[in-house]
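protein-v4.txt (compact mmCIF, C-alpha atoms and all ligand atoms)
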```
# COMPACT_ATOMS: atom_id res chain seq x y z
CA MET C 1 163.78 -81.23 26.38
CA ASN C 2 166.17 -78.67 24.92
CA CYS C 3 169.24 -79.50 22.92
CA ARG C 4 172.11 -77.05 23.41
CA SER C 5 173.91 -76.60 20.11
CA SER C 6 177.30 -76.77 21.85
CA GLU C 7 176.53 -80.38 22.73
CA ILE C 8 175.92 -81.42 19.18
CA THR C 9 179.00 -82.77 17.44
CA ALA C 10 179.21 -83.98 13.87
CA GLU C 11 179.32 -87.53 15.16
CA SER C 12 176.31 -87.18 17.42
CA LEU C 13 174.35 -85.60 14.59
CA TYR C 14 175.30 -88.51 12.40
CA LEU C 15 174.37 -90.99 15.12
CA ARG C 16 171.09 -89.27 15.81
CA ARG C 17 170.27 -89.18 12.13
CA ARG C 18 170.99 -92.88 11.94
CA GLU C 19 168.76 -93.47 14.96
CA PHE C 20 166.00 -91.36 13.42
CA LEU C 21 166.21 -93.31 10.18
CA ARG C 22 166.12 -96.55 12.07
CA SER C 23 163.12 -95.54 14.18
CA ALA C 24 161.31 -94.34 11.08
CA ALA C 25 162.05 -97.67 9.41
CA ALA C 26 160.98 -99.50 12.56
CA ALA C 27 157.71 -97.60 12.66
CA THR C 28 156.99 -98.63 9.09
CA ALA C 29 158.30 -102.16 9.19
CA GLY C 30 157.13 -102.70 12.77
CA LEU C 31 160.51 -103.82 14.10
CA ALA C 32 160.71 -104.80 17.75
CA LEU C 33 163.37 -103.69 20.20
CA ALA C 34 163.12 -100.26 18.59
CA PRO C 35 164.20 -97.37 20.80
CA ALA C 36 162.36 -94.12 21.47
CA VAL C 37 164.16 -91.09 20.07
CA GLY C 38 164.95 -88.44 22.67
CA CYS C 39 166.48 -85.01 22.33
CA GLU C 40 169.24 -85.01 24.89
CA ALA C 41 172.98 -84.69 25.20
CA GLU C 42 174.87 -87.66 23.79
CA PRO C 43 175.97 -89.72 26.77
CA GLN C 44 179.67 -90.09 27.47
CA ALA C 45 181.17 -92.72 25.23
CA LYS C 46 183.99 -94.80 26.64
CA PRO C 47 185.25 -97.66 24.52
CA VAL C 48 186.22 -100.96 26.07
CA SER C 49 189.87 -101.92 25.84
CA GLY C 50 190.95 -105.33 24.44
CA PRO C 51 190.13 -108.81 25.78
CA GLY C 52 190.09 -109.16 29.57
CA LYS C 53 192.32 -111.12 31.92
CA GLU C 54 192.76 -114.83 31.31
CA LEU C 55 190.94 -117.01 33.86
CA ALA C 56 192.97 -119.70 35.61
CA ASP C 57 191.77 -123.20 36.58
CA VAL C 58 188.86 -123.52 34.16
CA VAL C 59 187.65 -127.09 33.58
CA PRO C 60 185.50 -128.32 30.69
CA GLY C 61 181.87 -128.47 31.83
CA PRO C 62 178.94 -130.66 30.75
CA PHE C 63 176.34 -130.01 28.00
CA SER C 64 178.82 -128.29 25.66
CA SER C 65 177.94 -127.99 22.00
CA ASP C 66 180.49 -129.39 19.58
CA GLU C 67 179.76 -126.61 17.10
CA GLN C 68 182.42 -124.14 16.05
CA PRO C 69 182.36 -121.14 18.41
CA THR C 70 181.55 -117.73 16.95
CA PRO C 71 184.73 -115.66 16.57
CA TRP C 72 185.52 -113.67 19.75
CA LYS C 73 185.50 -110.44 17.80
CA LYS C 74 181.88 -110.92 16.73
CA ALA C 75 180.70 -112.14 20.15
CA SER C 76 182.26 -109.09 21.82
CA SER C 77 181.20 -106.43 19.32
CA TYR C 78 177.69 -107.45 18.22
CA ASN C 79 175.77 -107.10 21.46
CA ASN C 80 172.45 -106.28 23.03
CA PHE C 81 172.99 -104.29 26.22
CA TYR C 82 170.52 -101.42 26.11
CA GLU C 83 172.11 -99.79 29.16
CA PHE C 84 174.79 -98.66 26.69
CA GLY C 85 172.61 -97.92 23.67
CA THR C 86 170.43 -99.77 21.22
CA ASP C 87 172.83 -100.30 18.31
CA LYS C 88 174.71 -103.60 18.22
CA ASP C 89 178.07 -101.82 18.38
CA ASP C 90 177.07 -99.40 21.17
CA PRO C 91 177.96 -101.71 24.07
CA SER C 92 181.52 -102.38 22.86
CA ARG C 93 182.01 -98.69 22.10
CA ARG C 94 180.56 -97.41 25.35
CA ALA C 95 180.69 -99.99 28.11
CA GLY C 96 184.15 -98.90 29.28
CA SER C 97 182.38 -96.59 31.74
CA LEU C 98 181.09 -99.57 33.77
CA ARG C 99 183.14 -100.18 36.93
CA THR C 100 183.07 -103.90 37.68
CA GLU C 101 185.29 -103.89 40.79
CA PRO C 102 184.35 -104.01 43.58
CA TRP C 103 181.05 -105.81 42.88
CA SER C 104 178.52 -107.33 45.23
CA VAL C 105 175.25 -109.14 44.69
CA ALA C 106 172.35 -108.62 47.12
CA ILE C 107 170.56 -111.86 48.02
CA GLU C 108 167.00 -111.16 49.13
CA GLY C 109 163.54 -112.56 49.69
CA GLU C 110 162.60 -116.13 50.52
CA VAL C 111 165.99 -117.39 51.75
CA SER C 112 167.43 -118.36 55.11
CA LYS C 113 170.73 -116.63 54.36
CA PRO C 114 170.11 -113.22 52.76
CA GLY C 115 172.88 -110.65 52.53
CA LEU C 116 175.17 -108.56 50.37
CA VAL C 117 177.70 -110.97 48.92
CA PRO C 118 180.97 -109.79 47.37
CA LEU C 119 181.55 -111.45 44.00
CA GLU C 120 184.75 -113.08 45.27
CA ASP C 121 182.74 -114.81 48.02
CA LEU C 122 180.12 -116.00 45.56
CA LEU C 123 182.87 -117.64 43.51
CA ARG C 124 185.21 -118.76 46.31
CA GLY C 125 185.72 -122.50 46.43
CA ARG C 126 183.75 -123.09 43.25
CA VAL C 127 185.13 -124.69 40.13
CA LEU C 128 184.90 -122.52 37.02
CA GLU C 129 183.52 -124.52 34.09
CA GLU C 130 183.70 -123.80 30.40
CA ARG C 131 180.47 -124.65 28.60
CA ILE C 132 180.02 -124.01 24.91
CA TYR C 133 176.39 -122.90 24.69
CA ARG C 134 174.30 -121.49 21.88
CA LEU C 135 172.73 -118.08 22.45
CA ARG C 136 169.65 -117.51 20.27
CA CYS C 137 168.31 -113.99 20.16
CA VAL C 138 164.65 -113.20 19.60
CA GLU C 139 165.77 -111.12 16.62
CA ALA C 140 166.57 -114.44 14.85
CA TRP C 141 170.34 -114.49 14.99
CA SER C 142 172.42 -116.85 17.08
CA MET C 143 175.97 -117.41 18.28
CA VAL C 144 177.95 -120.23 19.88
CA ILE C 145 179.95 -118.99 22.85
CA PRO C 146 182.35 -120.76 25.23
CA TRP C 147 181.03 -119.32 28.50
CA VAL C 148 182.92 -119.68 31.76
CA GLY C 149 180.94 -119.82 34.97
CA ILE C 150 179.41 -121.75 37.82
CA PRO C 151 176.11 -123.64 37.83
CA LEU C 152 173.43 -121.17 38.94
CA GLY C 153 171.59 -123.76 41.04
CA GLU C 154 174.67 -124.58 43.09
CA ALA C 155 175.28 -120.90 43.81
CA LEU C 156 171.63 -120.35 44.78
CA ARG C 157 171.35 -123.38 47.04
CA ALA C 158 174.09 -121.99 49.28
CA PHE C 159 171.67 -119.24 50.41
CA GLU C 160 169.07 -121.85 51.45
CA PRO C 161 165.87 -120.83 49.64
CA THR C 162 162.75 -121.46 51.74
CA SER C 163 159.85 -123.66 50.60
CA GLN C 164 158.06 -120.41 49.64
CA ALA C 165 160.65 -119.57 46.97
CA LYS C 166 158.82 -120.30 43.72
CA PHE C 167 160.67 -117.90 41.43
CA VAL C 168 163.97 -116.06 41.23
CA GLU C 169 164.21 -112.44 40.11
CA PHE C 170 167.47 -110.96 38.80
CA THR C 171 168.21 -107.24 38.53
CA THR C 172 170.94 -105.36 36.63
CA LEU C 173 172.81 -102.39 38.08
CA TYR C 174 171.00 -99.06 37.83
CA ASP C 175 173.47 -96.19 37.48
CA PRO C 176 172.98 -93.78 34.58
CA GLU C 177 176.46 -92.33 35.20
CA GLN C 178 178.07 -95.66 34.39
CA MET C 179 175.33 -96.86 32.07
CA PRO C 180 174.47 -93.85 29.92
CA GLY C 181 171.78 -95.71 27.97
CA GLN C 182 169.68 -95.58 31.15
CA ARG C 183 169.23 -91.84 30.58
CA ARG C 184 166.76 -92.79 27.87
CA ARG C 185 163.54 -94.55 28.75
CA VAL C 186 163.94 -97.25 26.14
CA LEU C 187 163.01 -99.74 28.86
CA ALA C 188 161.84 -99.29 32.46
CA TRP C 189 165.17 -99.42 34.30
CA PRO C 190 166.69 -101.32 35.92
CA TYR C 191 166.57 -104.37 33.64
CA VAL C 192 164.83 -107.28 35.39
CA GLU C 193 164.56 -110.96 34.50
CA GLY C 194 163.04 -113.97 36.21
CA LEU C 195 163.06 -117.74 36.22
CA ARG C 196 160.87 -120.34 37.86
CA ILE C 197 162.82 -121.93 40.70
CA ASP C 198 163.12 -125.29 38.89
CA GLU C 199 164.47 -123.51 35.79
CA ALA C 200 166.99 -121.65 37.95
CA MET C 201 168.06 -124.90 39.63
CA HIS C 202 168.39 -126.76 36.32
CA PRO C 203 172.01 -127.82 35.71
CA LEU C 204 172.07 -126.03 32.31
CA SER C 205 171.58 -122.60 33.92
CA LEU C 206 174.90 -120.85 34.32
CA LEU C 207 176.14 -117.79 36.18
CA ALA C 208 178.87 -116.65 33.82
CA VAL C 209 181.91 -114.59 34.76
CA GLY C 210 183.90 -115.18 31.58
CA MET C 211 183.94 -116.25 27.96
CA TYR C 212 186.63 -117.69 25.69
CA GLY C 213 188.71 -118.38 28.82
CA ARG C 214 188.83 -114.72 29.81
CA VAL C 215 187.02 -112.40 32.18
CA LEU C 216 183.72 -111.23 30.63
CA PRO C 217 184.09 -108.03 28.66
CA ASN C 218 181.83 -105.27 30.00
CA GLN C 219 179.67 -105.35 26.88
CA ASN C 220 178.86 -109.03 27.49
CA GLY C 221 177.64 -108.41 31.04
CA ALA C 222 180.65 -108.15 33.33
CA PRO C 223 181.28 -109.04 36.00
CA ILE C 224 178.45 -111.59 36.33
CA ARG C 225 175.53 -112.52 34.09
CA LEU C 226 173.06 -115.28 33.52
CA VAL C 227 173.20 -117.74 30.61
CA VAL C 228 170.02 -119.78 30.10
CA PRO C 229 170.72 -121.51 26.80
CA TRP C 230 167.26 -122.93 26.04
CA LYS C 231 165.62 -119.50 26.28
CA TYR C 232 165.84 -116.44 24.05
CA GLY C 233 168.89 -114.30 24.76
CA PHE C 234 166.92 -111.62 26.58
CA LYS C 235 166.54 -113.94 29.60
CA SER C 236 170.34 -113.97 29.98
CA ILE C 237 170.51 -110.82 32.09
CA LYS C 238 173.82 -108.97 32.40
CA SER C 239 175.72 -107.21 35.21
CA ILE C 240 173.55 -108.62 38.02
CA VAL C 241 173.43 -106.78 41.36
CA ARG C 242 170.40 -108.44 42.97
CA ILE C 243 168.96 -111.94 43.18
CA ARG C 244 165.60 -112.11 44.93
CA PHE C 245 163.68 -115.29 45.74
CA THR C 246 159.94 -114.66 45.40
CA ARG C 247 156.56 -116.30 45.85
CA GLU C 248 155.09 -114.52 42.83
CA GLN C 249 156.18 -114.63 39.20
CA PRO C 250 158.45 -111.63 38.58
CA ILE C 251 157.64 -109.14 35.82
CA ASN C 252 160.58 -109.16 33.43
CA SER C 253 161.57 -106.00 31.57
CA TRP C 254 160.62 -107.11 28.06
CA ASN C 255 157.28 -108.48 29.23
CA ARG C 256 156.57 -105.16 30.93
CA SER C 257 157.53 -103.25 27.80
CA ALA C 258 155.62 -105.36 25.22
CA PRO C 259 153.54 -108.11 26.89
CA GLN C 260 151.98 -109.30 23.65
CA GLU C 261 155.46 -109.98 22.19
CA TYR C 262 157.60 -111.14 25.08
CA GLY C 263 156.33 -113.56 27.69
CA PHE C 264 157.77 -114.75 30.95
CA TYR C 265 158.92 -118.16 29.72
CA ALA C 266 160.65 -117.12 26.48
CA ASN C 267 161.58 -120.69 25.58
CA VAL C 268 163.03 -120.88 22.08
CA ASN C 269 160.07 -122.19 20.07
CA PRO C 270 160.20 -122.40 16.27
CA GLU C 271 156.47 -123.20 16.16
CA VAL C 272 155.29 -120.03 17.83
CA ASP C 273 155.71 -116.96 15.69
CA HIS C 274 156.67 -113.67 17.22
CA PRO C 275 153.64 -111.43 16.45
CA ARG C 276 155.68 -109.69 13.75
CA TRP C 277 157.96 -112.40 12.35
CA SER C 278 158.49 -116.14 12.12
CA GLN C 279 160.73 -117.84 14.65
CA ALA C 280 161.24 -120.92 12.48
CA ARG C 281 164.71 -120.02 11.23
CA GLU C 282 167.79 -118.23 12.46
CA ARG C 283 171.06 -116.89 11.13
CA ARG C 284 174.19 -118.00 12.93
CA ILE C 285 176.44 -114.94 13.08
CA GLY C 286 179.15 -115.50 10.49
CA ASP C 287 176.99 -117.81 8.33
CA PHE C 288 175.41 -116.80 5.08
CA ARG C 289 172.51 -119.23 5.02
CA LYS C 290 169.79 -119.41 7.64
CA ARG C 291 169.20 -122.65 9.49
CA PRO C 292 166.11 -124.12 11.15
CA THR C 293 165.64 -123.07 14.77
CA LEU C 294 165.57 -126.02 17.15
CA PRO C 295 162.95 -126.39 19.91
CA PHE C 296 164.43 -125.18 23.20
CA ASN C 297 167.44 -124.06 21.13
CA GLY C 298 168.55 -127.70 20.82
CA TYR C 299 168.34 -128.44 24.57
CA ALA C 300 164.91 -130.18 24.48
CA GLU C 301 166.29 -133.46 25.76
CA GLN C 302 167.44 -131.76 28.95
CA VAL C 303 164.60 -129.29 29.60
CA ALA C 304 161.37 -130.27 27.81
CA GLY C 305 160.28 -132.14 30.94
CA LEU C 306 160.15 -128.89 32.91
CA TYR C 307 157.16 -127.83 30.82
CA ARG C 308 155.20 -131.08 30.60
CA GLY C 309 151.47 -130.38 30.64
CA MET C 310 151.85 -126.68 29.83
CA ASP C 311 150.42 -125.03 26.72
CA LEU C 312 153.57 -123.42 25.36
CA ARG C 313 151.61 -121.35 22.84
CA ALA C 314 149.72 -119.60 25.62
CA GLN C 315 152.69 -119.50 27.99
CA PHE C 316 155.31 -118.20 25.58
N1 LIG J 401 170.87 -107.65 30.03
C1 LIG J 401 170.74 -106.34 30.29
N2 LIG J 401 170.95 -105.88 31.53
N3 LIG J 401 170.39 -105.44 29.32
C2 LIG J 401 170.12 -105.85 28.04
O1 LIG J 401 169.79 -105.00 27.18
N4 LIG J 401 169.96 -107.74 26.48
C3 LIG J 401 169.59 -109.16 26.41
C4 LIG J 401 170.55 -110.03 27.21
N5 LIG J 401 170.82 -109.45 28.51
C5 LIG J 401 170.24 -107.24 27.73
C6 LIG J 401 170.65 -108.12 28.77
C7 LIG J 401 169.52 -109.64 25.02
S1 LIG J 401 168.18 -109.09 24.11
C8 LIG J 401 170.43 -110.53 24.49
S2 LIG J 401 170.19 -111.20 22.95
C9 LIG J 401 171.63 -110.92 25.25
O2 LIG J 401 171.78 -110.21 26.47
C10 LIG J 401 172.88 -110.65 24.40
O3 LIG J 401 174.03 -111.11 25.05
P1 LIG J 401 175.46 -110.88 24.37
O4 LIG J 401 175.55 -109.43 24.01
O5 LIG J 401 176.49 -111.28 25.37
O6 LIG J 401 175.51 -111.74 23.13
```

For this file, produce the structure as structure tokens.
Ligand code: MTE
Amino acid sequence: MNCRSSEITAESLYLRRREFLRSAAAATAGLALAPAVGCEAEPQAKPVSGPGKELADVVPGPFSSDEQPTPWKKASSYNNFYEFGTDKDDPSRRAGSLRTEPWSVAIEGEVSKPGLVPLEDLLRGRVLEERIYRLRCVEAWSMVIPWVGIPLGEALRAFEPTSQAKFVEFTTLYDPEQMPGQRRRVLAWPYVEGLRIDEAMHPLSLLAVGMYGRVLPNQNGAPIRLVVPWKYGFKSIKSIVRIRFTREQPINSWNRSAPQEYGFYANVNPEVDHPRWSQARERRIGDFRKRPTLPFNGYAEQVAGLYRGMDLRAQF
């Protein structure tokens, strides 16, 4: 691909140099989640404006952590959302180009009531709950975030899954105009995630539309995302446009991209090392010292039973 010199600004040169240095470092150190470097025009950057609208009628939900939430500023500016770039500050700098209204979610597959459901209808009549959940990223950092949403299982049951529905597949919007990071083949787009049906129906699984009492900022997955607190953050897919009930286990994006490193289950497991680093400890964003990582991210009491009899080293 050719680079036209007129497209190269001082900033993009600086950014590209930074990306080159990072990829070179990644190649040497063997870092995961490392992007491919392409020679193309810098995508349009559109910063996100301040915190979103306050949500009314939010009630405290179950399972909340009593830990101190991560400051809003960190949770909304240190993000993974590769559709807007691979640096942690790319999503907050660029995700302003995502149009979140109107928004609909296609319900497909093994259900009695498929259809294209406007977000308002998905939420209508449902109580918004605030649940303070930990999010633990595979890169060994974590945050504590007061999410606002509805239980995923309740939302899914309304579409009447058939007895053949064994898994649920979630897909993010694909639109390189709005999501300029999709112009680079860092991942096979669109981003896809999956859960086993019993995981999806588990009362801890949340469909989030807000955080810190406000509408989700674009960089955190507006207008609707998953939060599965006992799994690594990559399962918590953002900006969902399709939910498909399937008979077969879906192939999730990270598993497709690096199957030896990222499995389907992705349960937080301090005893199973990532092929290139230990998972035993984590750094809470804002903390200086690392802390031990808890099995199932501290939610073992609620979810360990889902995996009874499974070899969680083989099914990671
Ligand atoms: N969803 C989409 N569509 N694209 C992504 O790149 N990154 C995942 C997950 N959901 C990602 C995504 C990863 S790796 C993490 S750790 C969490 O989002 C981060 O969520 P946060 O930015 O709200 O903290």

Counting all atoms listed in the file, which residues in chain C sit no more than 9 Å from ligand LIG 401 (chain J)? For each one, give the nearest pair of atoms and the distance in Å, sorted by chain then residue number, as a tab-separated table.
```
residue	atom	partner	partner_atom	distance
C:Leu33	CA	J:LIG401	S1	8.2
C:Ala75	CA	J:LIG401	O6	6.0
C:Ser76	CA	J:LIG401	O4	7.1
C:Ser77	CA	J:LIG401	O4	7.9
C:Tyr78	CA	J:LIG401	O4	6.5
C:Asn79	CA	J:LIG401	O4	3.5
C:Asn80	CA	J:LIG401	N4	4.5
C:Phe81	CA	J:LIG401	O1	3.4
C:Tyr82	CA	J:LIG401	O1	3.8
C:Glu83	CA	J:LIG401	N3	5.9
C:Phe84	CA	J:LIG401	O1	8.1
C:Gly85	CA	J:LIG401	O1	8.4
C:Thr86	CA	J:LIG401	O1	8.0
C:Lys88	CA	J:LIG401	O4	8.3
C:Pro91	CA	J:LIG401	O4	8.1
C:Leu135	CA	J:LIG401	O6	7.0
C:Arg136	CA	J:LIG401	S2	6.9
C:Cys137	CA	J:LIG401	S2	4.4
C:Val138	CA	J:LIG401	S2	6.8
C:Glu139	CA	J:LIG401	S2	7.7
C:Trp141	CA	J:LIG401	S2	8.6
C:Ser142	CA	J:LIG401	S2	8.4
C:Met143	CA	J:LIG401	O6	7.5
C:Ile145	CA	J:LIG401	O6	8.5
C:Thr171	CA	J:LIG401	N2	7.6
C:Thr172	CA	J:LIG401	N2	5.1
C:Leu173	CA	J:LIG401	N2	7.7
C:Leu187	CA	J:LIG401	O1	8.7
C:Pro190	CA	J:LIG401	N2	7.6
C:Tyr191	CA	J:LIG401	N2	5.1
C:Val192	CA	J:LIG401	N2	7.4
C:Glu193	CA	J:LIG401	N1	8.4
C:Leu216	CA	J:LIG401	O5	8.9
C:Pro217	CA	J:LIG401	O5	8.9
C:Gln219	CA	J:LIG401	O4	6.5
C:Asn220	CA	J:LIG401	O5	3.9
C:Gly221	CA	J:LIG401	O5	6.5
C:Arg225	CA	J:LIG401	N1	7.9
C:Leu226	CA	J:LIG401	N5	8.0
C:Val227	CA	J:LIG401	O3	8.7
C:Tyr232	CA	J:LIG401	S2	6.9
C:Gly233	CA	J:LIG401	S2	3.8
C:Phe234	CA	J:LIG401	C7	3.6
C:Lys235	CA	J:LIG401	C4	6.1
C:Ser236	CA	J:LIG401	N5	4.8
C:Ile237	CA	J:LIG401	N1	3.8
C:Lys238	CA	J:LIG401	N1	4.0
C:Ser239	CA	J:LIG401	N2	6.2
C:Ile240	CA	J:LIG401	N2	7.5
C:Trp254	CA	J:LIG401	S1	8.8
```

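Pairwise distance (CA of Tyr133 in chain C, CA of Gly298 in chain C) equals 10.0 Å.
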
>> Just to confirm, what's the straight-line distance from CA of Ala266 in chain C to CA of Leu306 in chain C in Å (one decimal)?
In response: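 That distance, rounded to one decimal, is 13.4 Å.
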
> Of the residues C:Glu154, C:Glu261, C:Glu177, C:Glu129, which is the one nearest to Leu55 in chain C, using all atoms listed in the file?
Replying inline: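 Among the listed residues, C:Glu129 lies closest to Leu55 in chain C.
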
> Which residue out of C:Pro259, C:Pro151, C:Pro60, C:Pro229 has the minimum interatomic distance to Val209 in chain C when all atoms listed in the file are used?
Replying inline: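 So, comparing all the options, the nearest one is C:Pro151.
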
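Distances here use only C-alpha atoms; by that measure, the residue among C:Asn218, C:Ser163, C:Asn267, C:Ser65 closest to Thr100 in chain C is C:Asn218.
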
> Between C:Val144, C:Ile251, C:Met211, C:Leu116, which one has atoms that come closest to Gly52 in chain C, using only C-alpha atoms?
Replying inline: C:Met211

Might I get the box with edges along x, y and z of the file that holds all atoms of range 216-233 of chain C listed there, padded by 8 Å on every side, given as centre and edge lengths in Å to one decimal, as AutoDock Vina command-line options?
```
--center_x 174.9 --center_y -114.1 --center_z 30.2 --size_x 34.5 --size_y 33.7 --size_z 28.3
```

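The interatomic distance for the pair CA of Arg276 in chain C and CA of Phe316 in chain C works out to 14.6 Å.
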
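By all atoms listed in the file, and with residues fewer than 5 positions from Asn269 in chain C along its chain excluded, the set lying at most 9 Å from it is Lys231, Gln279, Ala280, Thr293, Leu294, Pro295, Phe296, Asn297, Leu312, Arg313 and Phe316 of chain C.
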
Repaired coordinates for range 72-85 of chain C (N, CA, C and O atoms) as a compact mmCIF listing (two decimals), in the frame of the given file:
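Okay, this is what ended up in rebuild.txt:
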```
# COMPACT_ATOMS: atom_id res chain seq x y z
N TRP C 72 185.53 -114.59 18.59
CA TRP C 72 185.52 -113.67 19.75
C TRP C 72 185.12 -112.26 19.33
O TRP C 72 184.33 -111.58 19.98
N LYS C 73 185.69 -111.82 18.24
CA LYS C 73 185.50 -110.44 17.80
C LYS C 73 184.01 -110.15 17.59
O LYS C 73 183.50 -109.11 17.99
N LYS C 74 183.32 -111.12 16.97
CA LYS C 74 181.88 -110.92 16.73
C LYS C 74 181.12 -110.96 18.06
O LYS C 74 180.26 -110.12 18.32
N ALA C 75 181.45 -111.96 18.89
CA ALA C 75 180.70 -112.14 20.15
C ALA C 75 180.90 -110.95 21.08
O ALA C 75 180.07 -110.71 21.97
N SER C 76 181.99 -110.21 20.91
CA SER C 76 182.26 -109.09 21.82
C SER C 76 182.01 -107.73 21.16
O SER C 76 182.31 -106.69 21.74
N SER C 77 181.47 -107.74 19.94
CA SER C 77 181.20 -106.43 19.32
C SER C 77 179.82 -106.34 18.69
O SER C 77 179.43 -105.30 18.18
N TYR C 78 179.06 -107.45 18.74
CA TYR C 78 177.69 -107.45 18.22
C TYR C 78 176.80 -107.83 19.40
O TYR C 78 176.55 -109.00 19.67
N ASN C 79 176.40 -106.82 20.17
CA ASN C 79 175.77 -107.10 21.46
C ASN C 79 174.44 -106.38 21.65
O ASN C 79 174.22 -105.32 21.08
N ASN C 80 173.62 -106.98 22.50
CA ASN C 80 172.45 -106.28 23.03
C ASN C 80 172.73 -105.99 24.49
O ASN C 80 172.90 -106.92 25.30
N PHE C 81 172.81 -104.72 24.83
CA PHE C 81 172.99 -104.29 26.22
C PHE C 81 172.50 -102.84 26.21
O PHE C 81 173.27 -101.91 26.04
N TYR C 82 171.16 -102.71 26.34
CA TYR C 82 170.52 -101.42 26.11
C TYR C 82 170.96 -100.36 27.11
O TYR C 82 170.77 -99.17 26.87
N GLU C 83 171.58 -100.76 28.20
CA GLU C 83 172.11 -99.79 29.16
C GLU C 83 173.21 -98.95 28.53
O GLU C 83 173.62 -97.92 29.06
N PHE C 84 173.73 -99.40 27.38
CA PHE C 84 174.79 -98.66 26.69
C PHE C 84 174.37 -98.21 25.29
O PHE C 84 175.20 -97.76 24.50
N GLY C 85 173.09 -98.33 24.98
CA GLY C 85 172.61 -97.92 23.67
C GLY C 85 171.95 -99.08 22.94
O GLY C 85 172.09 -100.23 23.34
```
